[in-house]
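**Q** Quick one: the structure is below, questions incoming.
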Amino acid sequence: MDMLWNGWGDPAKAAPLPEPVTGLLRDLLGVKPREAEPLRLADIPVPDAPLDPAVRQELADAVGGTAQVRTDAETRLRHTRGKSTPDLLRIRAADLDGLPAAVVLPAGHDEVVAVLRVCARHRLPVVPFGGGTSVVGGLAPESRGPFVALDLRRMDRLLDVDPVSRTATLQPGLRAPHAEALLAEHGFTLGHFPQSYEWATIGGFAAARSSGQASAGYGRFDDMVLGLTLATPEGTVETGRAPRSAAGPDLRQLILGSEGAFGVITSVTVRLRPVPEVRRYEGWRFASFAEGGAALRRLAQDGPRPTVLRLSDETETLVGLAQPDAIGAGGLPSDAGCLAVVGFEGTEEDTAHRRAGAAAVLAELGGTPLGAEPGERWAHGRYSAPYLRDSLLDAGAFAETLETAAFWSCLPGLYAAVRDALTATLTEAGTPPLVMCHISHVYDNGASLYFTVVCAQGEGDPVAHWTRAKHAANEAILDAGGTISHHHGVGTDHRDWYVREAGPLGVAALQAVKRRLDPDGLLNPGVLLPTD
């Protein structure tokens, strides 16, 4: 099944907003219903593919036949950009900037290498495409001419499981639910469950340094990776002979987060955990975001650490976004403070022990237990927020997210700076926003902040309004000591701020790597690094 071409995920899960939410948007934010009927896919005038027939034949020879080189309008539209709100608004307006000339579907590493060599001969840029879930312009290359989308969906196998070492080798086009199902047959789990879980792929997790909702217990995806294979126009890079090594710099870390700019990841070896015997999720209430943050920090630093640990601020708790599938259905009272969701996975004995210890810490630091219902409701709706975003767009609102991370000591200032920047910029544009935030990933030394912004689309171009606000937020992030991205990645949206974060010499070193692996600059041009 393909994702919605003009939205997120499974078309069957799309649903209109409840009336209380529509009324809140109208009364609080001035959101007006959309006037024009939405375009149908068939209504969009897609130009013919600007691909030379001889080049198309070479690509077909590389991947085993013409059926694996697709130039029809629908396939190309479905591979145009990613799933950020600006991406969706543009495609809904029939803006075809970023439309690939062809979609090529290789079946294995050797076919990927062959495609890259064909493209190098003809100076044809290549954009690796996994689940298509990028929200930072990772699928929007800076290409002045035709380019190819390299769809990895045929590379969807579990290549190897080593139960003794507890490792598995997976192909990059394997979607996360299928990967979990295959690993479960052997009694294992990867434990990686980001919000994009239903559609994102193993290769995408590695290329963007993904972080899942259970990162407190299982770690980030880059913590899980033991080895990688990278196909480049210049050949193949293999990494990962042992779990850890002192044999020079770790090339795995160079490939992780490279976002298709250095090459195409064609296999990933990961560490595994046993499928948990039990999963328990529960809710806690704190009077303030600061009080709840202090409790999360205590658990992260001193334990016992839960598997899932997240905290919504007062606004997100009040609106109910911590439980997006239940918005408009009632729930916590208006004096609800801040909702924390705490989850435990593992053996019965270990889960009970950590749960009891964590409960003592949370109660000591001002938490009020709310029982299992808020936690179970969060778990049930944990992948629902992107569908809610689409429903907000359908209702005439603008909704988007951004995220960052910092050391614990910087977090309060970072939180305030980003909220203030977003509020001031969007209010100045005539669309005063509702800005919500949660902590969703914790470490000994710091945590992430994930912001959700909802406002009216307003007069003029809503993408332009958001771009100004996002730039102001990016400036606030760097000024307050945060990183430009904790888990969404760099893409083109964050690139200019990543360049400042990494520094001139660091960027020059990365550009030298790119020139060696991709001499013609054909791999995802303009993504991650500026074009030369």
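Please note that chains go A, B, ... in the order of the structure tokens, that every chain numbers its residues from 1, and that ligands are numbered from 1 in the order shown.
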Show me, as an MDAnalysis selection string, the residues that have an atom within 12 Å of segment 181-186 of chain A when counting only C-alpha atoms, minus same-chain residues fewer than 5 positions from it.

**A** chainID A and resid 156:164 166:170 174:176 191 270:276

**Q** When DSSP works through the backbone of this structure, what residues of segment 244-448 of chain A end up as helix (DSSP H, G or I), shown as a VMD selection string?

**A** chain A and resid 251 to 255 289 to 302 314 to 319 324 to 326 348 to 364 372 to 380 385 to 394 408 to 428

**Q** Write out as an NGL selection string which residues come within 9 Å of Glu345 of chain A when counting only C-alpha atoms, dropping same-chain ones fewer than 4 positions away.

**A** :A and (217 or 275-281 or 306-308 or 350-351)

**Q** Export all heavy atoms of the chosen residues as a short mmCIF file (atom, residue, chain, number, x, y, z; two decimals), in the first residue's frame?

**A**
```cif
data_model
loop_
_atom_site.label_atom_id
_atom_site.label_comp_id
_atom_site.auth_asym_id
_atom_site.auth_seq_id
_atom_site.Cartn_x
_atom_site.Cartn_y
_atom_site.Cartn_z
N GLY A 217 14.56 3.36 26.98
CA GLY A 217 14.88 1.98 27.29
C GLY A 217 15.72 1.27 26.26
O GLY A 217 16.63 0.50 26.59
N VAL A 275 11.86 -10.08 22.75
CA VAL A 275 10.50 -9.53 22.81
C VAL A 275 10.08 -9.44 24.27
O VAL A 275 10.21 -10.41 25.02
CB VAL A 275 9.52 -10.41 22.02
CG1 VAL A 275 8.08 -9.96 22.24
CG2 VAL A 275 9.85 -10.39 20.53
N PRO A 276 9.61 -8.28 24.73
CA PRO A 276 9.27 -8.14 26.15
C PRO A 276 8.09 -9.02 26.55
O PRO A 276 7.15 -9.21 25.78
CB PRO A 276 8.92 -6.65 26.28
CG PRO A 276 8.58 -6.20 24.92
CD PRO A 276 9.40 -7.02 23.98
N GLU A 277 8.17 -9.54 27.77
CA GLU A 277 7.07 -10.34 28.29
C GLU A 277 5.85 -9.47 28.59
O GLU A 277 4.71 -9.89 28.40
CB GLU A 277 7.50 -11.05 29.58
CG GLU A 277 8.58 -12.09 29.40
CD GLU A 277 9.05 -12.66 30.73
OE1 GLU A 277 8.41 -12.36 31.78
OE2 GLU A 277 10.04 -13.41 30.74
N VAL A 278 6.12 -8.27 29.09
CA VAL A 278 5.02 -7.38 29.47
C VAL A 278 5.34 -5.96 29.01
O VAL A 278 6.50 -5.57 28.86
CB VAL A 278 4.78 -7.38 31.00
CG1 VAL A 278 4.29 -8.73 31.46
CG2 VAL A 278 6.03 -6.96 31.75
N ARG A 279 4.27 -5.21 28.80
CA ARG A 279 4.36 -3.78 28.50
C ARG A 279 3.36 -3.06 29.39
O ARG A 279 2.17 -3.39 29.38
CB ARG A 279 4.06 -3.48 27.03
CG ARG A 279 5.08 -4.03 26.05
CD ARG A 279 4.70 -3.65 24.61
NE ARG A 279 5.75 -3.98 23.67
CZ ARG A 279 5.83 -5.12 22.99
NH1 ARG A 279 4.89 -6.04 23.18
NH2 ARG A 279 6.81 -5.33 22.14
N ARG A 280 3.83 -2.09 30.16
CA ARG A 280 2.97 -1.35 31.06
C ARG A 280 3.17 0.15 30.84
O ARG A 280 4.31 0.63 30.86
CB ARG A 280 3.30 -1.67 32.53
CG ARG A 280 3.18 -3.13 32.90
CD ARG A 280 1.73 -3.52 33.19
NE ARG A 280 1.66 -4.87 33.72
CZ ARG A 280 1.49 -5.98 33.00
NH1 ARG A 280 1.39 -5.87 31.68
NH2 ARG A 280 1.43 -7.16 33.56
N TYR A 281 2.09 0.89 30.63
CA TYR A 281 2.16 2.33 30.45
C TYR A 281 1.19 2.99 31.44
O TYR A 281 0.08 2.48 31.65
CB TYR A 281 1.77 2.73 29.02
CG TYR A 281 2.57 2.04 27.95
CD1 TYR A 281 2.03 0.99 27.22
CD2 TYR A 281 3.89 2.42 27.67
CE1 TYR A 281 2.77 0.33 26.25
CE2 TYR A 281 4.63 1.79 26.69
CZ TYR A 281 4.06 0.74 25.99
OH TYR A 281 4.80 0.10 25.02
N PRO A 306 12.70 4.24 33.05
CA PRO A 306 11.64 3.55 32.31
C PRO A 306 12.05 3.31 30.86
O PRO A 306 13.05 3.84 30.37
CB PRO A 306 10.46 4.52 32.39
CG PRO A 306 10.79 5.46 33.52
CD PRO A 306 12.29 5.56 33.50
N THR A 307 11.23 2.56 30.15
CA THR A 307 11.44 2.34 28.71
C THR A 307 10.94 3.53 27.91
O THR A 307 11.55 3.94 26.92
CB THR A 307 10.72 1.06 28.26
OG1 THR A 307 11.09 -0.02 29.13
CG2 THR A 307 11.07 0.70 26.83
N VAL A 308 9.80 4.07 28.32
CA VAL A 308 9.21 5.27 27.72
C VAL A 308 9.09 6.32 28.81
O VAL A 308 8.61 6.03 29.91
CB VAL A 308 7.81 4.97 27.13
CG1 VAL A 308 7.12 6.26 26.68
CG2 VAL A 308 7.90 3.98 25.98
N ASP A 350 11.58 -7.67 36.14
CA ASP A 350 12.32 -6.42 35.93
C ASP A 350 11.36 -5.24 35.81
O ASP A 350 11.62 -4.16 36.37
CB ASP A 350 13.16 -6.53 34.66
CG ASP A 350 13.80 -5.21 34.28
OD1 ASP A 350 14.67 -4.73 35.04
OD2 ASP A 350 13.41 -4.64 33.24
N THR A 351 10.25 -5.44 35.10
CA THR A 351 9.29 -4.35 34.93
C THR A 351 8.69 -3.94 36.27
O THR A 351 8.57 -2.75 36.57
CB THR A 351 8.18 -4.79 33.96
OG1 THR A 351 8.76 -5.02 32.67
CG2 THR A 351 7.10 -3.74 33.83
#
```

**Q** Which residues are close to segment 431-437 of chain A, i.e. within 7 Å by only C-alpha atoms, leaving aside same-chain residues fewer than 5 positions away? Reply as JSON, numbers by chain.

**A** {"A": [29, 312, 313, 315, 316, 419, 423, 426, 449, 450, 451, 452, 453, 454, 455, 456, 458]}

**Q** Could you pull the residues within 9 Å of Leu529 of chain A, counting only C-alpha atoms, minus those fewer than 3 positions along the same chain, as a ChimeraX atom specification?

**A** /A:261,490-492,495-496,498-499,507,510-511,525-526,532

**Q** Just checking: using only C-alpha atoms, which residue out of A:Ala447, A:Ala102, A:Val136, A:Ala12 ends up closest to Leu150 of chain A?

**A**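 Smallest distance to Leu150 of chain A is found for A:Ala102.
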
**Q** From the options A:Ala114, A:Leu99, A:Gln57, A:Phe286, which residue's atoms come nearest to Arg144 of chain A, counting only C-alpha atoms?

**A**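 Using only C-alpha atoms, Arg144 of chain A sits closest to A:Leu99.
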
**Q** Within 7 Å of segment 208-215 of chain A, counting only C-alpha atoms, which residues show up once you throw out same-chain ones fewer than 6 positions away? Write them as a PyMOL selection string, please.

**A** chain A and resi 191-194+221-222+256-259+307-308+440-441+487-489

**Q** Can those selected residues be exported to a file as a compact mmCIF listing (two decimals), in the first residue's frame so that it contains N, CA and C atoms?

**A**
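Written file, result-v4.txt:
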```txt
# COMPACT_ATOMS: atom_id res chain seq x y z
N GLY A 191 12.96 -2.64 18.99
CA GLY A 191 12.62 -1.66 20.01
C GLY A 191 12.62 -0.23 19.51
N HIS A 192 12.48 -0.07 18.19
CA HIS A 192 12.53 1.28 17.62
C HIS A 192 11.15 1.64 17.10
N PHE A 193 10.48 2.59 17.80
CA PHE A 193 9.10 2.92 17.49
C PHE A 193 8.92 4.44 17.41
N PRO A 194 9.44 5.07 16.37
CA PRO A 194 9.20 6.52 16.20
C PRO A 194 7.77 6.76 15.74
N PHE A 221 18.26 4.92 17.30
CA PHE A 221 18.59 3.95 16.27
C PHE A 221 20.10 3.89 16.04
N ASP A 222 20.78 5.04 16.11
CA ASP A 222 22.23 4.99 15.90
C ASP A 222 22.94 4.22 17.01
N LEU A 256 25.97 7.10 9.35
CA LEU A 256 24.75 7.41 10.08
C LEU A 256 24.48 8.91 10.03
N GLY A 257 23.27 9.29 9.66
CA GLY A 257 22.93 10.70 9.57
C GLY A 257 23.38 11.38 8.30
N SER A 258 23.93 10.63 7.34
CA SER A 258 24.43 11.26 6.11
C SER A 258 23.33 11.56 5.09
N GLU A 259 22.11 11.07 5.32
CA GLU A 259 20.92 11.46 4.57
C GLU A 259 21.05 11.31 3.05
N THR A 307 11.23 2.56 30.15
CA THR A 307 11.44 2.34 28.71
C THR A 307 10.94 3.53 27.91
N VAL A 308 9.80 4.07 28.32
CA VAL A 308 9.21 5.27 27.72
C VAL A 308 9.09 6.32 28.81
N SER A 440 10.44 14.18 24.99
CA SER A 440 10.14 12.81 24.57
C SER A 440 11.35 11.89 24.54
N HIS A 441 12.54 12.43 24.72
CA HIS A 441 13.75 11.60 24.74
C HIS A 441 14.67 12.17 25.81
N HIS A 487 16.19 14.50 16.02
CA HIS A 487 15.89 13.24 15.34
C HIS A 487 15.20 13.38 13.98
N HIS A 488 14.78 14.55 13.58
CA HIS A 488 14.19 14.70 12.25
C HIS A 488 15.25 14.75 11.15
N GLY A 489 16.44 15.21 11.48
CA GLY A 489 17.51 15.30 10.50
C GLY A 489 17.71 16.71 9.99
```

**Q** Would you mind telling me which residue in A:Leu254, A:Ile484, A:Ala399, A:Ala358 lies nearest to Ser84 of chain A when using only C-alpha atoms?

**A** A:Ala399

**Q** Can you pull out every residue within 12 Å of Gln457 of chain A, counting only C-alpha atoms, but drop anything in the same chain fewer than 2 positions away, and send it as a PyMOL selection string?

**A** chain A and resi 25-26+29-34+85-86+89+392-400+426-427+429-433+453-455+459-466

**Q** Can you write just those residues out, N, CA, C and O atoms, as a compact mmCIF listing (two decimals), in the first residue's frame?

**A**
```txt
# COMPACT_ATOMS: atom_id res chain seq x y z
N LEU A 25 -10.72 25.89 17.21
CA LEU A 25 -9.87 26.51 16.18
C LEU A 25 -10.47 27.83 15.70
O LEU A 25 -9.76 28.82 15.53
N ARG A 26 -11.77 27.83 15.51
CA ARG A 26 -12.45 29.03 15.03
C ARG A 26 -12.41 30.14 16.08
O ARG A 26 -12.06 31.30 15.79
N LEU A 29 -8.27 30.68 17.45
CA LEU A 29 -7.21 31.02 16.49
C LEU A 29 -7.72 31.69 15.22
O LEU A 29 -6.91 32.08 14.37
N GLY A 30 -9.02 31.82 15.07
CA GLY A 30 -9.55 32.47 13.88
C GLY A 30 -9.43 31.64 12.62
O GLY A 30 -9.36 32.19 11.51
N VAL A 31 -9.42 30.33 12.77
CA VAL A 31 -9.29 29.46 11.60
C VAL A 31 -10.59 29.48 10.79
O VAL A 31 -11.69 29.35 11.33
N LYS A 32 -10.45 29.67 9.49
CA LYS A 32 -11.59 29.70 8.59
C LYS A 32 -11.61 28.43 7.74
O LYS A 32 -10.55 27.93 7.34
N PRO A 33 -12.80 27.92 7.46
CA PRO A 33 -12.88 26.71 6.62
C PRO A 33 -12.25 26.95 5.26
O PRO A 33 -12.28 28.06 4.72
N ARG A 34 -11.67 25.91 4.71
CA ARG A 34 -11.07 25.98 3.38
C ARG A 34 -12.16 26.24 2.35
O ARG A 34 -13.21 25.60 2.37
N THR A 85 4.47 19.77 6.55
CA THR A 85 3.30 20.57 6.19
C THR A 85 3.56 21.42 4.94
O THR A 85 2.71 21.46 4.04
N PRO A 86 4.70 22.12 4.81
CA PRO A 86 4.96 22.82 3.55
C PRO A 86 4.95 21.88 2.33
O PRO A 86 4.45 22.25 1.27
N LEU A 89 1.21 21.21 1.58
CA LEU A 89 0.52 22.37 1.03
C LEU A 89 0.94 22.64 -0.41
O LEU A 89 0.12 23.03 -1.24
N LEU A 392 -6.28 18.85 10.52
CA LEU A 392 -6.19 20.29 10.79
C LEU A 392 -6.03 21.07 9.50
O LEU A 392 -6.67 22.11 9.29
N LEU A 393 -5.17 20.57 8.60
CA LEU A 393 -5.00 21.23 7.30
C LEU A 393 -6.32 21.23 6.52
O LEU A 393 -6.69 22.24 5.90
N ASP A 394 -7.02 20.12 6.56
CA ASP A 394 -8.30 20.02 5.85
C ASP A 394 -9.31 21.03 6.38
O ASP A 394 -10.19 21.50 5.64
N ALA A 395 -9.19 21.36 7.68
CA ALA A 395 -10.13 22.29 8.31
C ALA A 395 -9.74 23.75 8.12
O ALA A 395 -10.45 24.64 8.58
N GLY A 396 -8.59 23.99 7.47
CA GLY A 396 -8.16 25.36 7.22
C GLY A 396 -7.11 25.87 8.19
O GLY A 396 -6.70 27.03 8.11
N ALA A 397 -6.65 25.01 9.11
CA ALA A 397 -5.60 25.41 10.04
C ALA A 397 -4.23 25.10 9.45
O ALA A 397 -4.11 24.38 8.44
N PHE A 398 -3.21 25.64 10.08
CA PHE A 398 -1.83 25.29 9.76
C PHE A 398 -1.27 24.59 10.98
O PHE A 398 -1.41 25.09 12.12
N ALA A 399 -0.64 23.44 10.80
CA ALA A 399 -0.06 22.70 11.92
C ALA A 399 1.28 22.14 11.49
O ALA A 399 1.39 21.53 10.42
N GLU A 400 2.28 22.34 12.32
CA GLU A 400 3.62 21.83 12.00
C GLU A 400 4.38 21.59 13.30
O GLU A 400 3.99 22.07 14.38
N LEU A 426 4.72 34.52 14.28
CA LEU A 426 3.42 34.18 13.70
C LEU A 426 2.35 35.21 14.09
O LEU A 426 1.45 35.50 13.29
N THR A 427 2.46 35.78 15.28
CA THR A 427 1.52 36.84 15.66
C THR A 427 1.72 38.07 14.79
O THR A 427 0.74 38.70 14.34
N ALA A 429 2.62 38.03 11.80
CA ALA A 429 2.07 37.70 10.48
C ALA A 429 0.54 37.69 10.48
O ALA A 429 -0.08 37.43 9.44
N GLY A 430 -0.08 37.94 11.65
CA GLY A 430 -1.53 37.95 11.73
C GLY A 430 -2.16 36.61 12.01
O GLY A 430 -3.37 36.44 11.89
N THR A 431 -1.33 35.63 12.42
CA THR A 431 -1.84 34.28 12.72
C THR A 431 -1.30 33.84 14.08
O THR A 431 -0.42 32.99 14.16
N PRO A 432 -1.79 34.43 15.17
CA PRO A 432 -1.28 34.06 16.50
C PRO A 432 -1.43 32.56 16.74
O PRO A 432 -2.50 32.00 16.48
N PRO A 433 -0.38 31.91 17.22
CA PRO A 433 -0.39 30.45 17.28
C PRO A 433 -0.68 29.90 18.68
O PRO A 433 -0.57 30.59 19.69
N VAL A 453 2.98 23.44 16.59
CA VAL A 453 2.45 24.78 16.38
C VAL A 453 1.17 24.67 15.56
O VAL A 453 1.15 24.01 14.52
N VAL A 454 0.10 25.31 16.04
CA VAL A 454 -1.16 25.35 15.30
C VAL A 454 -1.61 26.80 15.22
O VAL A 454 -1.60 27.53 16.22
N CYS A 455 -2.00 27.23 14.02
CA CYS A 455 -2.50 28.59 13.83
C CYS A 455 -3.40 28.59 12.60
O CYS A 455 -3.55 27.57 11.91
N GLU A 459 -3.99 35.10 5.64
CA GLU A 459 -3.99 35.66 4.30
C GLU A 459 -2.62 35.45 3.65
O GLU A 459 -1.59 35.44 4.32
N GLY A 460 -2.61 35.32 2.34
CA GLY A 460 -1.35 35.14 1.64
C GLY A 460 -0.87 33.70 1.68
O GLY A 460 -1.67 32.76 1.76
N ASP A 461 0.43 33.53 1.63
CA ASP A 461 1.04 32.21 1.51
C ASP A 461 1.38 31.65 2.89
O ASP A 461 2.29 32.15 3.56
N PRO A 462 0.68 30.61 3.36
CA PRO A 462 0.98 30.06 4.69
C PRO A 462 2.37 29.45 4.78
O PRO A 462 2.97 29.45 5.86
N VAL A 463 2.88 28.94 3.67
CA VAL A 463 4.24 28.38 3.70
C VAL A 463 5.26 29.49 3.95
O VAL A 463 6.22 29.30 4.71
N ALA A 464 5.06 30.65 3.34
CA ALA A 464 5.97 31.77 3.57
C ALA A 464 5.91 32.24 5.02
O ALA A 464 6.94 32.55 5.63
N HIS A 465 4.69 32.30 5.59
CA HIS A 465 4.55 32.68 7.00
C HIS A 465 5.34 31.70 7.88
O HIS A 465 6.06 32.09 8.79
N TRP A 466 5.15 30.40 7.60
CA TRP A 466 5.82 29.39 8.42
C TRP A 466 7.34 29.44 8.23
O TRP A 466 8.09 29.29 9.20
```

**Q** Any idea what the distance is between atom CA of Phe262 of chain A and atom CA of Asp479 of chain A?

**A** 29.3 Å

**Q** Hey, which of A:Ala287, A:Leu251, A:Leu517, A:Ala472 ends up closest to Ala120 of chain A? Count only C-alpha atoms.

**A**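 That would be A:Leu517, the residue with the smallest distance to Ala120 of chain A.
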
**Q** Give me, please, the distance in Å between atom CA of Ala360 of chain A and atom CA of Arg298 of chain A, quoted to one decimal.

**A**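 According to the coordinates, atom CA of Ala360 of chain A and atom CA of Arg298 of chain A are separated by 11.5 Å.
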
**Q** If DSSP is run on the backbone, what residues of segment 250-335 of chain A are strand (DSSP E or B)? A reply as a list in words would be ideal.

**A**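 Answer for segment 250-335 of chain A restricted to strand (DSSP E or B) is Val264, Ile265, Thr266, Ser267, Val268, Thr269, Val270, Arg271, Arg273, Pro274, Val278, Arg279, Arg280, Tyr281, Glu282, Gly283, Trp284, Arg285, Phe286, Val308, Leu309, Arg310, Leu311 and Ser312 of chain A.
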
**Q** Could you tell me how far atom CA of Ile44 of chain A lies from atom CA of Asp87 of chain A, in Å and to one decimal?

**A** 15.4 Å
